[in-house]
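First up is the structure itself, then whatever we jot down about it.
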Amino acid sequence: MSYDRVRAADEEVADALVGERERQNDTLAMIASENHVSEAVLEAQGSELTNKYAEGYPGERYYGGCEYADEVEELAIERAKELWGAEHVNVQPHSGSSANMGVYFAVLEPGDKILSLDLTHGGHLSHGHSVNFAGKLYEVQHYEVDEETGRIDYNDLASIAEEFQPDMIVSGFSAYPRQVDWEAIQEAADRVGAYHMADIAHITGLVAAGEHPSPVGVADFVTGSTHKTIRAGRGGIIMCADEYADAIDTAVFPGAQGGPLMHNVAGKAVGFGEALEPEFKEYAAQVVKNAEVLGETLKENGFSLVSGGTDTHLVLADLRESHPDTTGGEAEEALEEVGIVLNGNTVPGETRSAFNPSGIRAGTPALTTRGFEEEEMRKVGDLITRVVDNIGDEEVYAEVAAEVQELCDDHPLYE
Ligand SMILES: *Cc1c(COP(=O)(O)O)cnc(C)c1O
């Protein structure tokens with residue numbers, strides 16, 4: 001896309017759009033929740049469907065002229081069912097957070113109780129943090145990961161559930177490098193008669209490709225975002241058994257949202273179609289391999305990793321032992337200066353704060369989309385090390401920045 005038409009209408013916005021494209025081309029996107037969609041998904045998202053009101057669902061809309069909107073939404077639903085094996089799918093949530101809202105609205109009343117992972121241990125705002133709508137509407141208690149092992153303590157989770165008697169247990173995380181035992185959490189939910197929502201926002205693509213066990217058919221509800229490992233453009237999705245289909249659909253519209261973002265639903269349809277191709281399985285397997293190599297490299301270089309490693313798409317490094325004088329925020333800033341974009345992150349047993357955390361989180365989905373394999377990931381791990389070992393050394397920064405640019409040039413993204 002040239003943005004010529006935007007430029008003719010609006011220089012300032014065109015400059016920003018071109019700037020963003022160049023930024024993505026010339027930096028290494030290692031924010032674990034980010035990815036690069038295909039140009040096919042970009043084009044679908046930029047389609048005339050943005051003009052269309054399609055309140056309702058395929059075949060039962062509140063407006064006329066919905067035949068193509070119906071077609072696109074049905075394709076997105078059918079492909080999602082094939083990818084994840086769910087009985088019922090709703091592709092209208094505007095984002096992962098809205099998907100979670102849809103599930104809460106479907107089966108909870110204000111004041112009901114939610115048990116979820118603490119944000120500083122890898123949870124998500126929409127799982128009931130006090131600043132989020134879920135924290136304001138529901139009574140929330142948190143479970144944590146074991147600070148020694150960095151892993152969910154499923155026994156502890158079950159005993160907190162016994163005591164708290166939640167109406168819903170939420171699983172699925174934002175900064176958890178290990179596979180999740182969905183069955184163990186389901187058992188805890190069954191024992192107290194709670195619903196179980198598994199939020200696979202980060203790992204939708206890994207689950208679709210069989211690189212992570214699936215909660216579909218285990219948990220009552222599975223939610224996700226569609227722009228992370230699944231590469232289908234910005235949005236959300238809800239999956240459930242047929243028995244909850246009406247409750248979910250009504251909760252999303254008219255409960256939580258108005259008209260669906262049909263251009264984004266088109267992006268989802270195209271992205272899901274891409275994910276059904278055999279190449280996507282290879283991609284997802286490479287994402288996991290790349291994270292493993294990145295983790296090993298960082299460990300060899302002296303970093304300590306939460307849980308000691310990873311079996312997903314991300315690593316979480318705890319800087320407190322290896323770099324006691326460097327915060328995650330400082331590391332993030334220094335790395336951004338050389339073109340490596342990731343985020344400072346809290347770690348289990350955080351001794352600083354959410355604004356000034358002690359860890360860094362790094363993911364491989366976007367770099368893998370660019371074609372990075374093990375060799376490049378080792379190099380990236382070494383570059384990260386050189387920067388974090390030499391905070392404030394502009395000479396080192398300049399050397400690393402040149403190597404980052406070389407890696408970017410070797411793996412071009414958008415023309
Ligand atoms: C990213 C994420 C979400 C969704 O976030 P949106 O920005 O609303 O799409 C929800 N839950 C978890 C665990 C996440 O990591």
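Chain labels follow the order of the structure tokens: the first chain is A, the next B, and so on; residue numbering restarts at 1 in every chain, and ligands are counted from 1 in their shown order.
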
Point to revise | Within 9 Å of Met239 in chain A using only C-alpha atoms, minus same-chain residues under 2 positions, as a PyMOL selection string | key: chain A and resi 80-81+84+86-91+216+220-224+237+241+245+248

Resulting file, chosen residues, N, CA and C atoms, as a compact mmCIF listing (two decimals), in the first residue's frame:
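Writing done, so here's selection.txt:
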```txt
# COMPACT_ATOMS: atom_id res chain seq x y z
N ALA A 80 -13.03 -20.62 11.74
CA ALA A 80 -12.65 -20.69 13.15
C ALA A 80 -13.04 -22.05 13.74
N LYS A 81 -14.22 -22.53 13.37
CA LYS A 81 -14.65 -23.85 13.88
C LYS A 81 -13.68 -24.92 13.45
N TRP A 84 -10.20 -24.43 15.49
CA TRP A 84 -10.16 -24.72 16.93
C TRP A 84 -11.11 -25.83 17.36
N ALA A 86 -14.38 -25.76 17.78
CA ALA A 86 -15.45 -25.36 18.71
C ALA A 86 -16.82 -25.61 18.09
N GLU A 87 -17.83 -25.87 18.94
CA GLU A 87 -19.20 -26.04 18.43
C GLU A 87 -19.78 -24.70 17.98
N HIS A 88 -19.56 -23.67 18.81
CA HIS A 88 -20.12 -22.36 18.50
C HIS A 88 -19.02 -21.29 18.55
N VAL A 89 -19.07 -20.37 17.59
CA VAL A 89 -18.06 -19.31 17.54
C VAL A 89 -18.76 -17.97 17.32
N ASN A 90 -18.32 -16.96 18.06
CA ASN A 90 -18.77 -15.59 17.81
C ASN A 90 -17.53 -14.78 17.42
N VAL A 91 -17.54 -14.20 16.21
CA VAL A 91 -16.36 -13.48 15.71
C VAL A 91 -16.53 -11.96 15.79
N VAL A 216 -10.39 -25.96 24.25
CA VAL A 216 -11.72 -26.11 23.63
C VAL A 216 -12.24 -27.51 23.93
N ASP A 220 -15.58 -24.11 29.76
CA ASP A 220 -16.90 -23.75 29.26
C ASP A 220 -16.81 -22.72 28.13
N PHE A 221 -15.89 -21.77 28.32
CA PHE A 221 -15.73 -20.69 27.34
C PHE A 221 -14.26 -20.51 27.01
N VAL A 222 -13.99 -20.28 25.74
CA VAL A 222 -12.63 -19.98 25.32
C VAL A 222 -12.68 -18.65 24.57
N THR A 223 -11.85 -17.70 25.02
CA THR A 223 -11.82 -16.40 24.35
C THR A 223 -10.42 -16.17 23.80
N GLY A 224 -10.33 -15.23 22.87
CA GLY A 224 -9.01 -14.92 22.34
C GLY A 224 -9.01 -13.61 21.60
N ILE A 237 -12.55 -13.03 19.70
CA ILE A 237 -13.33 -14.20 19.32
C ILE A 237 -13.77 -14.91 20.60
N ALA A 241 -19.63 -24.26 23.76
CA ALA A 241 -20.51 -25.34 23.33
C ALA A 241 -21.85 -24.73 22.90
N ALA A 245 -24.61 -20.92 23.19
CA ALA A 245 -24.55 -20.08 21.98
C ALA A 245 -25.44 -18.83 22.09
N ILE A 248 -24.18 -16.27 24.72
CA ILE A 248 -22.99 -15.54 24.27
C ILE A 248 -23.36 -14.52 23.19
```

Check your understanding: Which residues sit within 8 Å of ligand 1, counting only C-alpha atoms and all ligand atoms, listed as a PyMOL selection string?
Key -> chain A and resi 33+94-100+123-127+172-175+199-202+223-228+234-236

Output N, CA, C and O atoms for every residue in that selection, as a short mmCIF file (atom, residue, chain, number, x, y, z; two decimals), in the first residue's frame.
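Saved to result-v6.cif:
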```cif
data_model
loop_
_atom_site.label_atom_id
_atom_site.label_comp_id
_atom_site.auth_asym_id
_atom_site.auth_seq_id
_atom_site.Cartn_x
_atom_site.Cartn_y
_atom_site.Cartn_z
N SER A 33 2.83 -9.96 22.30
CA SER A 33 1.45 -9.96 21.83
C SER A 33 1.32 -9.44 20.40
O SER A 33 0.22 -9.39 19.86
N HIS A 94 -14.87 -6.81 19.44
CA HIS A 94 -13.93 -5.86 18.86
C HIS A 94 -12.50 -6.12 19.28
O HIS A 94 -11.56 -5.66 18.66
N SER A 95 -12.32 -6.81 20.39
CA SER A 95 -10.97 -7.09 20.89
C SER A 95 -11.05 -8.26 21.87
O SER A 95 -12.15 -8.74 22.17
N GLY A 96 -9.90 -8.67 22.36
CA GLY A 96 -9.89 -9.74 23.35
C GLY A 96 -10.61 -9.33 24.63
O GLY A 96 -11.33 -10.13 25.23
N SER A 97 -10.42 -8.09 25.04
CA SER A 97 -11.10 -7.62 26.26
C SER A 97 -12.61 -7.64 26.08
O SER A 97 -13.35 -8.00 27.00
N SER A 98 -13.08 -7.25 24.90
CA SER A 98 -14.53 -7.28 24.63
C SER A 98 -15.05 -8.71 24.59
O SER A 98 -16.21 -8.96 24.94
N ALA A 99 -14.21 -9.63 24.14
CA ALA A 99 -14.62 -11.04 24.14
C ALA A 99 -14.84 -11.49 25.59
O ALA A 99 -15.84 -12.15 25.90
N ASN A 100 -13.91 -11.10 26.47
CA ASN A 100 -14.07 -11.47 27.88
C ASN A 100 -15.33 -10.83 28.46
O ASN A 100 -16.08 -11.46 29.22
N GLY A 123 -1.26 -12.26 34.63
CA GLY A 123 -2.68 -12.17 34.24
C GLY A 123 -2.94 -10.99 33.31
O GLY A 123 -2.00 -10.41 32.74
N HIS A 124 -4.22 -10.65 33.13
CA HIS A 124 -4.58 -9.55 32.22
C HIS A 124 -5.56 -8.61 32.91
O HIS A 124 -6.36 -9.05 33.74
N LEU A 125 -5.50 -7.33 32.54
CA LEU A 125 -6.39 -6.32 33.13
C LEU A 125 -7.85 -6.77 33.10
O LEU A 125 -8.58 -6.61 34.08
N SER A 126 -8.26 -7.35 31.97
CA SER A 126 -9.68 -7.71 31.80
C SER A 126 -10.08 -8.94 32.61
O SER A 126 -11.21 -9.39 32.54
N HIS A 127 -9.14 -9.46 33.39
CA HIS A 127 -9.48 -10.58 34.28
C HIS A 127 -9.87 -10.09 35.67
O HIS A 127 -9.91 -10.87 36.62
N GLY A 172 -5.62 -18.61 31.38
CA GLY A 172 -5.10 -17.99 30.15
C GLY A 172 -4.43 -16.69 30.53
O GLY A 172 -4.98 -15.91 31.29
N PHE A 173 -3.22 -16.45 29.98
CA PHE A 173 -2.37 -15.44 30.57
C PHE A 173 -1.63 -14.58 29.54
O PHE A 173 -1.61 -14.91 28.37
N SER A 174 -1.02 -13.50 30.03
CA SER A 174 -0.31 -12.57 29.15
C SER A 174 1.20 -12.71 29.22
O SER A 174 1.90 -12.26 28.31
N ALA A 175 1.69 -13.25 30.30
CA ALA A 175 3.15 -13.31 30.45
C ALA A 175 3.52 -14.61 31.13
O ALA A 175 4.24 -14.63 32.13
N ASP A 199 -8.82 -17.90 28.54
CA ASP A 199 -8.53 -16.79 27.64
C ASP A 199 -7.19 -17.07 26.96
O ASP A 199 -6.13 -16.89 27.55
N ILE A 200 -7.25 -17.52 25.70
CA ILE A 200 -6.02 -17.92 24.99
C ILE A 200 -5.50 -16.82 24.07
O ILE A 200 -4.84 -17.09 23.06
N ALA A 201 -5.79 -15.55 24.46
CA ALA A 201 -5.42 -14.40 23.62
C ALA A 201 -4.04 -14.54 22.99
O ALA A 201 -3.88 -14.39 21.77
N HIS A 202 -3.04 -14.83 23.82
CA HIS A 202 -1.67 -14.88 23.30
C HIS A 202 -1.42 -16.09 22.41
O HIS A 202 -0.61 -16.03 21.49
N THR A 223 -11.85 -17.70 25.02
CA THR A 223 -11.82 -16.40 24.35
C THR A 223 -10.42 -16.17 23.80
O THR A 223 -9.45 -16.82 24.21
N GLY A 224 -10.33 -15.23 22.87
CA GLY A 224 -9.01 -14.92 22.34
C GLY A 224 -9.01 -13.61 21.60
O GLY A 224 -10.06 -13.03 21.31
N SER A 225 -7.81 -13.11 21.33
CA SER A 225 -7.70 -12.00 20.39
C SER A 225 -7.18 -12.59 19.09
O SER A 225 -6.58 -13.65 19.06
N THR A 226 -7.44 -11.88 17.99
CA THR A 226 -7.14 -12.45 16.67
C THR A 226 -5.90 -11.83 16.03
O THR A 226 -5.56 -12.18 14.90
N HIS A 227 -5.24 -10.92 16.74
CA HIS A 227 -4.09 -10.22 16.14
C HIS A 227 -2.77 -10.68 16.72
O HIS A 227 -1.73 -10.12 16.41
N LYS A 228 -2.79 -11.67 17.61
CA LYS A 228 -1.52 -12.09 18.23
C LYS A 228 -0.96 -13.27 17.43
O LYS A 228 -0.71 -13.10 16.24
N ARG A 234 -6.67 -7.16 13.98
CA ARG A 234 -7.12 -6.78 15.31
C ARG A 234 -8.57 -7.20 15.57
O ARG A 234 -9.45 -6.98 14.75
N GLY A 235 -8.80 -7.85 16.70
CA GLY A 235 -10.15 -8.24 17.05
C GLY A 235 -10.17 -9.32 18.12
O GLY A 235 -9.14 -9.67 18.67
N GLY A 236 -11.39 -9.81 18.39
CA GLY A 236 -11.55 -10.85 19.41
C GLY A 236 -12.46 -11.96 18.92
O GLY A 236 -13.09 -11.85 17.84
#
```

Review point. Quick one: residues within 6 Å of range 110-119 of chain A, only C-alpha atoms counted, chain neighbours fewer than 2 positions away excluded, as a PyMOL selection string?
Key: chain A and resi 121-124+137-144+166-170

Exercise for review: Would you please extract all alpha helix (DSSP H) residues from range 21-238 of chain A, as assigned by DSSP on the backbone, and give them as an MDAnalysis selection string?
Suggested key: chainID A and resid 21:26 39:45 67:84 96:107 133:137 154:164 182:192 204:208

Practice item. Find the residue from A:Val287, A:Ala161, A:Leu261, A:Ala219 that sits nearest to Tyr195 in chain A; use only C-alpha atoms when measuring. Key: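 When distances to Tyr195 in chain A are compared using only C-alpha atoms, the smallest one comes from A:Ala219.
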
Exercise for review: Please measure the separation of CA of Gln24 in chain A and CA of Gln405 in chain A, giving the value in Å to one decimal.
Suggested key: 11.4 Å

Practice item. Skip Ala106 in chain A itself and residues of its chain fewer than 3 positions away, then list as a PyMOL selection string all residues within 10 Å of it, counting only C-alpha atoms. Key: chain A and resi 100-103+109+244-252+255-256

Can I get the selected residues back with C-alpha atoms, as an mmCIF file, in the first residue's frame?
```
data_model
loop_
_atom_site.group_PDB
_atom_site.id
_atom_site.type_symbol
_atom_site.label_atom_id
_atom_site.label_comp_id
_atom_site.auth_asym_id
_atom_site.auth_seq_id
_atom_site.Cartn_x
_atom_site.Cartn_y
_atom_site.Cartn_z
ATOM 1 C CA ASN A 100 -14.074 -11.469 27.876
ATOM 2 C CA MET A 101 -16.795 -8.898 28.552
ATOM 3 C CA GLY A 102 -19.132 -10.949 26.356
ATOM 4 C CA VAL A 103 -18.534 -14.076 28.425
ATOM 5 C CA GLU A 109 -24.385 -10.887 37.410
ATOM 6 C CA TYR A 244 -24.210 -21.371 25.557
ATOM 7 C CA ALA A 245 -24.553 -20.083 21.980
ATOM 8 C CA ASP A 246 -27.594 -17.861 22.537
ATOM 9 C CA ALA A 247 -26.334 -16.474 25.836
ATOM 10 C CA ILE A 248 -22.987 -15.535 24.267
ATOM 11 C CA ASP A 249 -24.442 -14.040 21.093
ATOM 12 C CA THR A 250 -26.943 -11.933 23.041
ATOM 13 C CA ALA A 251 -24.275 -10.782 25.478
ATOM 14 C CA VAL A 252 -22.005 -9.567 22.653
ATOM 15 C CA GLY A 255 -25.338 -6.676 25.454
ATOM 16 C CA ALA A 256 -21.880 -5.223 25.055
#
```

**Study point:** Counting only C-alpha atoms, the residue of A:Ile160, A:Ala54, A:Ile360, A:Val270 that sits nearest Gly258 in chain A
**Key:** A:Ala54

Practice item. For CA of Ala401 in chain A and CA of Gly339 in chain A, determine how far apart the two atoms are, in Å to one decimal place. Key: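 Calculated distance between CA of Ala401 in chain A and CA of Gly339 in chain A is 6.3 Å.
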
Point to revise | strand (DSSP E or B) call set, DSSP backbone run, range 84-330 of chain A, as a PyMOL selection string | key: chain A and resi 88-90+113-117+139-143+145+152+168-171+195-199+216+219+221-225+236-240+304-305+314-318

**Study point:** Selected residue, from A:Cys408, A:Ile384, A:Ile391, A:Ala209, that lies nearest to Glu277 in chain A when counting only C-alpha atoms
**Key:**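 That would be A:Ala209, the residue with the smallest distance to Glu277 in chain A.
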